[in-house]
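Data file: run26.txt. Format and content: compact mmCIF, C-alpha atoms.
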```txt
# COMPACT_ATOMS: atom_id res chain seq x y z
CA MET J 95 16.52 -69.38 88.93
CA VAL J 96 15.89 -72.01 86.31
CA SER J 97 14.89 -74.56 88.95
CA SER J 98 12.43 -72.11 90.49
CA LEU J 99 10.86 -71.37 87.06
CA TRP J 100 10.58 -75.09 86.32
CA LYS J 101 8.75 -75.70 89.61
CA THR J 102 6.40 -72.79 88.92
CA ASN J 103 5.50 -74.19 85.47
CA ILE J 104 4.88 -77.67 86.89
CA LEU J 105 2.57 -76.18 89.54
CA LYS J 106 0.63 -74.22 86.91
CA ILE J 107 0.21 -77.31 84.71
CA GLY J 108 -0.99 -79.36 87.69
CA LEU J 109 -3.53 -76.75 88.74
CA LEU J 110 -4.77 -76.39 85.16
CA THR J 111 -5.15 -80.16 84.80
CA LEU J 112 -6.99 -80.42 88.12
CA THR J 113 -9.34 -77.60 87.09
CA ILE J 114 -10.15 -79.28 83.74
CA VAL J 115 -10.84 -82.64 85.43
CA MET J 116 -13.11 -81.08 88.03
CA PHE J 117 -14.97 -79.16 85.31
CA MET J 118 -15.50 -82.31 83.27
CA GLN J 119 -16.76 -84.26 86.29
CA LEU J 120 -19.18 -81.46 87.15
CA TYR J 121 -20.41 -81.32 83.54
CA ASN J 122 -20.97 -85.08 83.44
CA TYR J 123 -22.84 -85.00 86.72
CA ILE J 124 -25.18 -82.24 85.55
CA SER J 125 -25.78 -83.46 81.98
CA LEU J 126 -25.95 -87.20 82.68
CA GLY J 127 -27.76 -87.19 85.99
CA GLU J 128 -31.00 -88.45 84.47
CA ASP J 129 -29.24 -90.92 82.18
CA SER J 130 -27.59 -92.61 85.15
CA ASN J 131 -30.96 -94.01 86.21
CA VAL J 132 -31.44 -95.40 82.72
CA ALA J 133 -28.02 -96.98 82.90
CA LEU J 134 -28.87 -98.64 86.20
CA ILE J 135 -32.10 -100.01 84.76
CA TRP J 136 -30.26 -101.27 81.66
CA ASP J 137 -27.64 -103.03 83.80
CA SER J 138 -30.30 -104.71 85.92
CA GLN J 139 -32.17 -105.88 82.80
CA ASN J 140 -28.97 -107.33 81.38
CA ALA J 141 -28.36 -109.22 84.60
CA ALA J 142 -31.87 -110.63 84.48
CA ASN J 143 -31.88 -111.55 80.79
CA PHE J 144 -28.34 -112.78 80.23
CA SER J 145 -26.70 -115.38 82.46
CA SER J 146 -23.01 -115.30 83.22
CA ALA J 147 -20.74 -117.23 80.90
CA ASN J 148 -19.22 -118.98 83.93
CA THR J 149 -22.58 -120.44 84.92
CA SER J 150 -23.84 -121.41 81.44
CA ASN J 151 -24.94 -124.98 80.85
CA HIS J 152 -22.74 -126.17 78.01
CA LEU J 153 -23.93 -129.79 78.14
CA GLY J 154 -26.80 -129.40 75.67
CA ILE J 155 -24.69 -127.42 73.21
CA TRP J 156 -21.80 -129.89 73.37
CA VAL J 157 -24.08 -132.89 72.92
CA ALA J 158 -25.84 -131.22 69.99
CA LEU J 159 -22.54 -130.59 68.21
CA SER J 160 -21.09 -134.02 68.92
CA THR J 161 -24.21 -135.85 67.72
CA ARG J 162 -24.66 -133.66 64.64
CA ILE J 163 -28.25 -132.75 65.48
CA GLY J 164 -27.95 -129.04 64.58
CA ILE J 165 -30.32 -129.13 61.62
CA GLN J 166 -31.48 -125.92 59.98
CA PHE J 167 -35.02 -125.78 58.63
CA THR J 168 -36.12 -123.49 55.88
CA ASP J 169 -37.45 -121.10 58.52
CA GLY J 170 -34.10 -121.02 60.33
CA SER J 171 -35.11 -122.90 63.46
CA SER J 172 -33.11 -125.77 64.92
CA SER J 173 -34.57 -129.18 65.62
CA TRP J 174 -32.24 -130.80 68.14
CA VAL J 175 -34.19 -129.40 71.10
CA ASN J 176 -36.68 -131.62 72.89
CA GLU J 177 -39.68 -130.76 70.76
CA SER J 178 -41.89 -132.98 68.67
CA PHE J 179 -42.23 -131.48 65.21
CA TYR J 180 -44.67 -134.08 63.84
CA LYS J 181 -47.78 -132.40 62.43
CA GLU J 182 -50.92 -134.09 61.22
CA ILE J 183 -51.22 -133.89 57.43
CA ALA J 184 -54.68 -133.45 55.92
CA SER J 185 -55.73 -136.66 54.19
CA VAL J 186 -58.56 -135.27 52.04
CA TRP J 187 -57.73 -133.89 48.62
CA GLU J 188 -59.74 -132.70 45.67
CA THR J 189 -57.62 -130.80 43.16
CA ILE J 190 -54.19 -131.50 41.65
CA GLU J 191 -52.76 -128.54 43.57
CA GLU J 192 -54.03 -129.96 46.87
CA LYS J 193 -52.42 -133.29 46.05
CA LYS J 194 -49.11 -131.54 45.36
CA GLN J 195 -49.24 -129.71 48.70
CA ILE J 196 -50.02 -132.89 50.61
CA ARG J 197 -47.26 -134.77 48.79
CA SER J 198 -44.77 -131.99 49.55
CA LYS J 199 -45.61 -132.01 53.26
CA LEU J 200 -45.61 -135.80 53.45
CA ILE J 201 -42.22 -136.22 51.78
CA GLY J 202 -40.56 -133.28 53.54
CA GLN J 203 -41.77 -134.16 57.03
CA ASN J 204 -40.99 -137.88 56.81
CA MET J 205 -37.53 -137.27 55.36
CA LEU J 206 -36.75 -134.89 58.22
CA ILE J 207 -38.06 -137.25 60.92
CA ILE J 208 -36.12 -140.21 59.47
CA TRP J 209 -32.94 -138.15 59.03
CA GLU J 210 -33.01 -136.95 62.63
CA TYR J 211 -33.85 -140.41 63.96
CA LEU J 212 -30.99 -141.92 61.98
CA ASN J 213 -28.61 -139.20 63.16
CA ILE J 214 -29.36 -139.70 66.86
CA SER J 215 -29.15 -143.48 66.36
CA ARG J 216 -25.63 -143.13 64.95
CA SER J 217 -24.43 -141.24 68.02
CA ASP J 218 -21.66 -142.94 69.98
CA ILE J 219 -23.25 -142.93 73.42
CA SER J 220 -20.15 -144.49 75.00
CA SER J 221 -17.98 -141.59 73.83
CA LEU J 222 -20.59 -139.07 74.92
CA LEU J 223 -20.67 -140.53 78.42
CA LYS J 224 -16.87 -140.75 78.71
CA THR J 225 -16.39 -137.08 77.86
CA SER J 226 -19.41 -135.79 79.79
CA ASN J 227 -19.14 -133.97 83.12
CA ASN J 228 -22.54 -135.35 84.13
CA ARG J 229 -23.13 -138.91 82.95
CA GLU J 230 -26.66 -139.06 84.36
CA LYS J 231 -27.90 -135.95 82.53
CA THR J 232 -26.23 -137.00 79.30
CA LEU J 233 -27.78 -140.46 79.43
CA GLU J 234 -31.21 -139.07 80.30
CA TRP J 235 -30.94 -136.59 77.43
CA TYR J 236 -30.02 -139.34 74.98
CA ILE J 237 -32.85 -141.60 76.15
CA SER J 238 -35.35 -138.74 75.84
CA GLN J 239 -34.15 -138.02 72.29
CA LEU J 240 -34.63 -141.66 71.27
CA GLU J 241 -38.11 -141.65 72.81
CA ILE J 242 -39.07 -138.45 70.97
CA ARG J 243 -37.81 -139.77 67.62
CA SER J 244 -39.57 -143.08 68.19
CA LYS J 245 -42.83 -141.28 68.94
CA ASN J 246 -42.50 -139.13 65.82
CA SER J 247 -41.85 -142.19 63.68
CA GLN J 248 -44.82 -144.03 65.19
CA LEU J 249 -47.14 -141.09 64.51
CA SER J 250 -45.81 -140.86 60.96
CA LEU J 251 -46.43 -144.57 60.43
CA GLU J 252 -50.06 -144.22 61.44
CA SER J 253 -50.50 -141.26 59.09
CA LEU J 254 -48.74 -143.07 56.22
CA GLU J 255 -50.89 -146.17 56.61
CA LYS J 256 -54.00 -143.98 56.50
CA HIS J 257 -52.80 -142.29 53.30
CA LYS J 258 -51.91 -145.63 51.76
CA THR J 259 -55.38 -147.04 52.43
CA GLN J 260 -57.02 -144.03 50.79
CA LEU J 261 -54.69 -144.14 47.78
CA LEU J 262 -55.29 -147.86 47.28
CA ALA J 263 -59.03 -147.24 47.30
CA GLU J 264 -58.53 -144.49 44.71
CA ILE J 265 -56.39 -146.79 42.54
CA TRP J 266 -58.99 -149.56 42.61
CA GLU J 267 -61.65 -147.03 41.60
CA ILE J 268 -59.47 -145.72 38.77
CA GLU J 269 -58.73 -149.25 37.51
CA ALA J 270 -62.46 -149.99 37.32
CA LYS J 271 -63.04 -146.77 35.37
CA ILE J 272 -60.15 -147.56 33.03
CA GLU J 273 -61.63 -150.96 32.20
CA ALA J 274 -65.06 -149.38 31.58
CA THR J 275 -63.49 -146.69 29.36
CA LYS J 276 -61.59 -149.30 27.35
CA SER J 277 -64.82 -151.25 26.85
CA ASN J 278 -66.66 -148.13 25.64
CA MET J 279 -63.75 -147.21 23.39
CA GLU J 280 -63.86 -150.62 21.73
CA LYS J 281 -67.65 -150.44 21.27
CA ASN J 282 -67.62 -146.89 19.83
CA PHE J 283 -64.71 -147.70 17.56
CA SER J 284 -66.53 -150.76 16.21
CA SER J 285 -69.62 -148.65 15.50
CA SER J 286 -67.47 -145.98 13.75
CA ASN J 287 -68.48 -143.31 16.25
CA ALA J 288 -65.48 -140.98 15.95
CA SER J 289 -66.50 -138.28 18.44
CA ALA J 290 -67.37 -140.80 21.17
CA THR J 291 -64.14 -142.70 20.53
CA LEU J 292 -62.06 -139.52 20.90
CA GLU J 293 -63.84 -138.72 24.16
CA ASN J 294 -63.02 -142.22 25.40
CA VAL J 295 -59.36 -141.70 24.48
CA ASP J 296 -59.21 -138.42 26.40
CA ASP J 297 -60.87 -140.06 29.42
CA TYR J 298 -58.41 -142.94 29.22
CA PHE J 299 -55.37 -140.62 29.24
CA THR J 300 -56.79 -138.65 32.19
CA LEU J 301 -57.44 -141.81 34.17
CA ARG J 302 -53.95 -143.16 33.39
CA GLU J 303 -52.40 -139.93 34.62
CA ARG J 304 -54.38 -140.14 37.87
CA TYR J 305 -53.32 -143.76 38.26
CA THR J 306 -49.63 -142.91 37.77
CA VAL J 307 -49.79 -140.09 40.35
CA ALA J 308 -51.49 -142.28 42.97
CA PHE J 309 -49.17 -145.22 42.30
CA THR J 310 -46.07 -142.98 42.64
CA ASP J 311 -47.33 -141.64 45.97
CA ILE J 312 -47.78 -145.21 47.23
CA VAL J 313 -44.19 -146.04 46.23
CA PHE J 314 -42.92 -143.14 48.37
CA ILE J 315 -45.19 -144.14 51.26
CA ASN J 316 -44.01 -147.77 51.17
CA GLN J 317 -40.38 -146.63 51.34
CA PHE J 318 -41.09 -144.35 54.30
CA ILE J 319 -42.97 -147.14 56.10
CA LYS J 320 -40.00 -149.47 55.61
CA GLN J 321 -37.53 -146.89 56.97
CA HIS J 322 -39.68 -145.96 59.97
CA ASN J 323 -40.20 -149.62 60.91
CA PHE J 324 -36.48 -150.34 60.64
CA LEU J 325 -35.49 -147.43 62.90
CA ILE J 326 -38.22 -148.16 65.46
CA ASN J 327 -37.28 -151.86 65.69
CA TYR J 328 -33.54 -151.18 65.70
CA ASN J 329 -33.70 -148.58 68.48
CA ALA J 330 -36.27 -150.44 70.60
CA GLY J 331 -33.58 -152.83 71.83
CA ILE J 332 -31.08 -150.03 72.44
CA LEU J 333 -33.63 -147.94 74.31
CA ASN J 334 -34.71 -150.87 76.45
CA THR J 335 -31.10 -151.77 77.30
CA LEU J 336 -30.27 -148.19 78.32
CA LYS J 337 -33.33 -147.94 80.58
CA VAL J 338 -32.88 -151.32 82.28
CA ASN J 339 -29.16 -150.74 82.88
CA LYS J 340 -29.36 -147.02 83.54
CA LYS J 341 -27.83 -147.08 87.03
CA ALA J 342 -25.01 -149.40 85.99
CA ILE J 343 -24.18 -147.20 83.00
CA ILE J 344 -24.14 -144.03 85.11
CA ASP J 345 -21.95 -145.65 87.80
CA GLU J 346 -19.66 -147.16 85.11
CA SER J 347 -20.27 -150.64 86.46
CA TYR J 348 -19.68 -153.71 84.34
CA VAL J 349 -19.74 -157.49 84.54
CA VAL J 350 -17.30 -159.97 83.03
CA ILE J 351 -19.11 -162.91 81.42
CA PRO J 352 -17.21 -166.07 82.45
CA GLU J 353 -16.77 -169.09 80.21
CA SER J 354 -19.42 -170.85 82.28
CA TRP J 355 -21.89 -168.10 81.29
CA ASP J 356 -24.82 -167.99 83.74
CA GLN J 357 -24.17 -171.36 85.43
CA TYR J 358 -22.85 -169.61 88.54
CA LEU J 359 -23.94 -166.03 87.87
CA ARG J 360 -27.61 -166.79 88.56
CA PRO J 361 -27.09 -168.67 91.84
CA LEU J 362 -24.87 -165.81 93.03
CA GLU J 363 -27.57 -163.31 91.97
CA LEU J 364 -25.15 -161.47 89.70
CA ILE J 365 -27.39 -161.64 86.63
CA PHE J 366 -31.17 -161.43 86.20
CA ASP J 367 -33.72 -161.65 83.44
CA GLU J 368 -35.47 -158.38 82.65
CA GLY J 369 -38.77 -159.83 83.83
CA GLU J 370 -37.30 -160.70 87.23
CA VAL J 371 -36.00 -157.16 87.73
CA THR J 372 -39.26 -155.43 86.77
CA GLN J 373 -41.48 -157.64 88.99
```

What's the C-alpha cells form of this structure?
Amino acid sequence: MVSSLWKTNILKIGLLTLTIVMFMQLYNYISLGEDSNVALIWDSQNAANFSSANTSNHLGIWVALSTRIGIQFTDGSSSWVNESFYKEIASVWETIEEKKQIRSKLIGQNMLIIWEYLNISRSDISSLLKTSNNREKTLEWYISQLEIRSKNSQLSLESLEKHKTQLLAEIWEIEAKIEATKSNMEKNFSSSNASATLENVDDYFTLRERYTVAFTDIVFINQFIKQHNFLINYNAGILNTLKVNKKAIIDESYVVIPESWDQYLRPLELIFDEGEVTQ
C-alpha cells in the first residue's frame, strides 16, 4: 500500500514538473521570438568585431611591455604604435602668451621624442629575439621603431635649428636696442632730464627681460639639439648593422673571428665589406 502510494506521488511530481517545463518553454518561445533575431545579429556582430583569444597576435603587446614603450600622454593615448607624432611648431610669435605656448610645445614634444628614442635604444634586442616566436617580425618591428624615432629626431632638429636662428636674430636686435637705450640714458641723465631718464630705465628693464627669455629658450634648444644628435649618431650604426645582417640575425647564424682576423676569411669569401655586399 505504501509502495503504491509512493509511486503515485512520484508520478504526479514528474507530470507536474514536465508541465511546468513545457509551459516555460512555450512562454519563452512566444515572448522572445522577436528578440531571438536580435540575439543572432548581436552574436554575428561580436564575431566580426572581436577576434578569438586563441588567434590574437600577442607579439606587439609583448614587445611593447618588454621594451617599456607603453607611454601615456595627457590625452590617454599610447605612443608605442608605429605612428609619427612629430608636429610642426609655429615659429612666428608676437605676444608673451604666444611665446609661452610655443615654448611649452617645443619642450614637451622634444622631451617626449627623446624619451621614446632613448627607451627603444635601451631595448635588449638579443633578448627580444631569443624569446620571440617569430624572429623576423620582431626584428622588422624593432628596425621600424628605430627608423621612426630617427625620423622624428631629424624633423625636430630641423625645427630647432630654425627656432634658434630666429631667436639669435632677436637677441642681436635686442642687444643693439639695449646699447642705444644705455646711451640715451647716459645723455638724459647728464642733462638732468628726469622724465626721459626714467623712460630709458623702463625701456632698459623691458629689453633685459626680453633678452633673458630669448637666451633661456636658446639654452633649452641647444640641449635638445645635443641630445637628438647623440641619439641619431648612436643608433645609426646599430640600425645599419641590423639591416646589413638581417638574414644572419633571423637565421641565428654567426661567425667566429680567428686570431688571423681577415687574412683567410676574405679569400674564402666568409667576410665582406658593406660596400661589396651592396654593389

- Message: If we count all atoms listed in the file and set the cut-off at 12 Å, which residues sit around J:Tyr348, ignoring sequence neighbours fewer than 4 positions away in its own chain? Please answer as a PyMOL selection string.
- Response: chain J and resi 339-344+364-365

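Atom CA of J:Glu267 is positioned 11.9 Å from atom CA of J:Arg302.
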
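Proximity of J:Arg243, J:Lys276, J:Lys281, J:His257 to J:Leu333, computed with only C-alpha atoms, is greatest for J:Arg243.
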
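Comparing J:Trp235, J:Ser250, J:Val338, J:Ile201 by their smallest distance to J:Phe366, the closest is J:Val338 (using only C-alpha atoms).
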
- Message: For J:Leu254, find every residue with an atom within 12 Å (counting only C-alpha atoms), except residues of its own chain fewer than 5 positions away, and show them as a ChimeraX atom specification.
- Response: /J:182-185,196-197,199-201,203-204,247-249,259-261,311-323

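Distances here use only C-alpha atoms; by that measure, the residue among J:Ala290, J:Ala274, J:Leu240, J:Leu233 closest to J:Ser215 is J:Leu240.
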
- Task: Would you please work out which residue, of J:Arg304, J:Glu280, J:Glu252, J:Asn246, is nearest to J:Leu206 when using only C-alpha atoms?
- Result: J:Asn246

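For the pair atom CA of J:Met205 and atom CA of J:Ile219, the separation is 23.7 Å.
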
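Take atom CA of J:Ile272 and atom CA of J:Ser253: the distance between them is 28.5 Å.
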
List every protein, DNA or RNA residue that has at least one atom no more than 12 Å from (-63.8, -149.1, 23.6) in the file's coordinates, counting only C-alpha atoms, and write the result as an mmCIF file with C-alpha atoms, in the frame of the given file.
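Final output, result-v6.cif:
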```
data_model
loop_
_atom_site.group_PDB
_atom_site.id
_atom_site.type_symbol
_atom_site.label_atom_id
_atom_site.label_comp_id
_atom_site.auth_asym_id
_atom_site.auth_seq_id
_atom_site.Cartn_x
_atom_site.Cartn_y
_atom_site.Cartn_z
ATOM 1 C CA ILE J 272 -60.150 -147.560 33.030
ATOM 2 C CA GLU J 273 -61.630 -150.960 32.200
ATOM 3 C CA ALA J 274 -65.060 -149.380 31.580
ATOM 4 C CA THR J 275 -63.490 -146.690 29.360
ATOM 5 C CA LYS J 276 -61.590 -149.300 27.350
ATOM 6 C CA SER J 277 -64.820 -151.250 26.850
ATOM 7 C CA ASN J 278 -66.660 -148.130 25.640
ATOM 8 C CA MET J 279 -63.750 -147.210 23.390
ATOM 9 C CA GLU J 280 -63.860 -150.620 21.730
ATOM 10 C CA LYS J 281 -67.650 -150.440 21.270
ATOM 11 C CA ASN J 282 -67.620 -146.890 19.830
ATOM 12 C CA PHE J 283 -64.710 -147.700 17.560
ATOM 13 C CA SER J 284 -66.530 -150.760 16.210
ATOM 14 C CA SER J 285 -69.620 -148.650 15.500
ATOM 15 C CA SER J 286 -67.470 -145.980 13.750
ATOM 16 C CA ASN J 287 -68.480 -143.310 16.250
ATOM 17 C CA ALA J 288 -65.480 -140.980 15.950
ATOM 18 C CA ALA J 290 -67.370 -140.800 21.170
ATOM 19 C CA THR J 291 -64.140 -142.700 20.530
ATOM 20 C CA LEU J 292 -62.060 -139.520 20.900
ATOM 21 C CA GLU J 293 -63.840 -138.720 24.160
ATOM 22 C CA ASN J 294 -63.020 -142.220 25.400
ATOM 23 C CA VAL J 295 -59.360 -141.700 24.480
ATOM 24 C CA ASP J 296 -59.210 -138.420 26.400
ATOM 25 C CA ASP J 297 -60.870 -140.060 29.420
ATOM 26 C CA TYR J 298 -58.410 -142.940 29.220
#
```
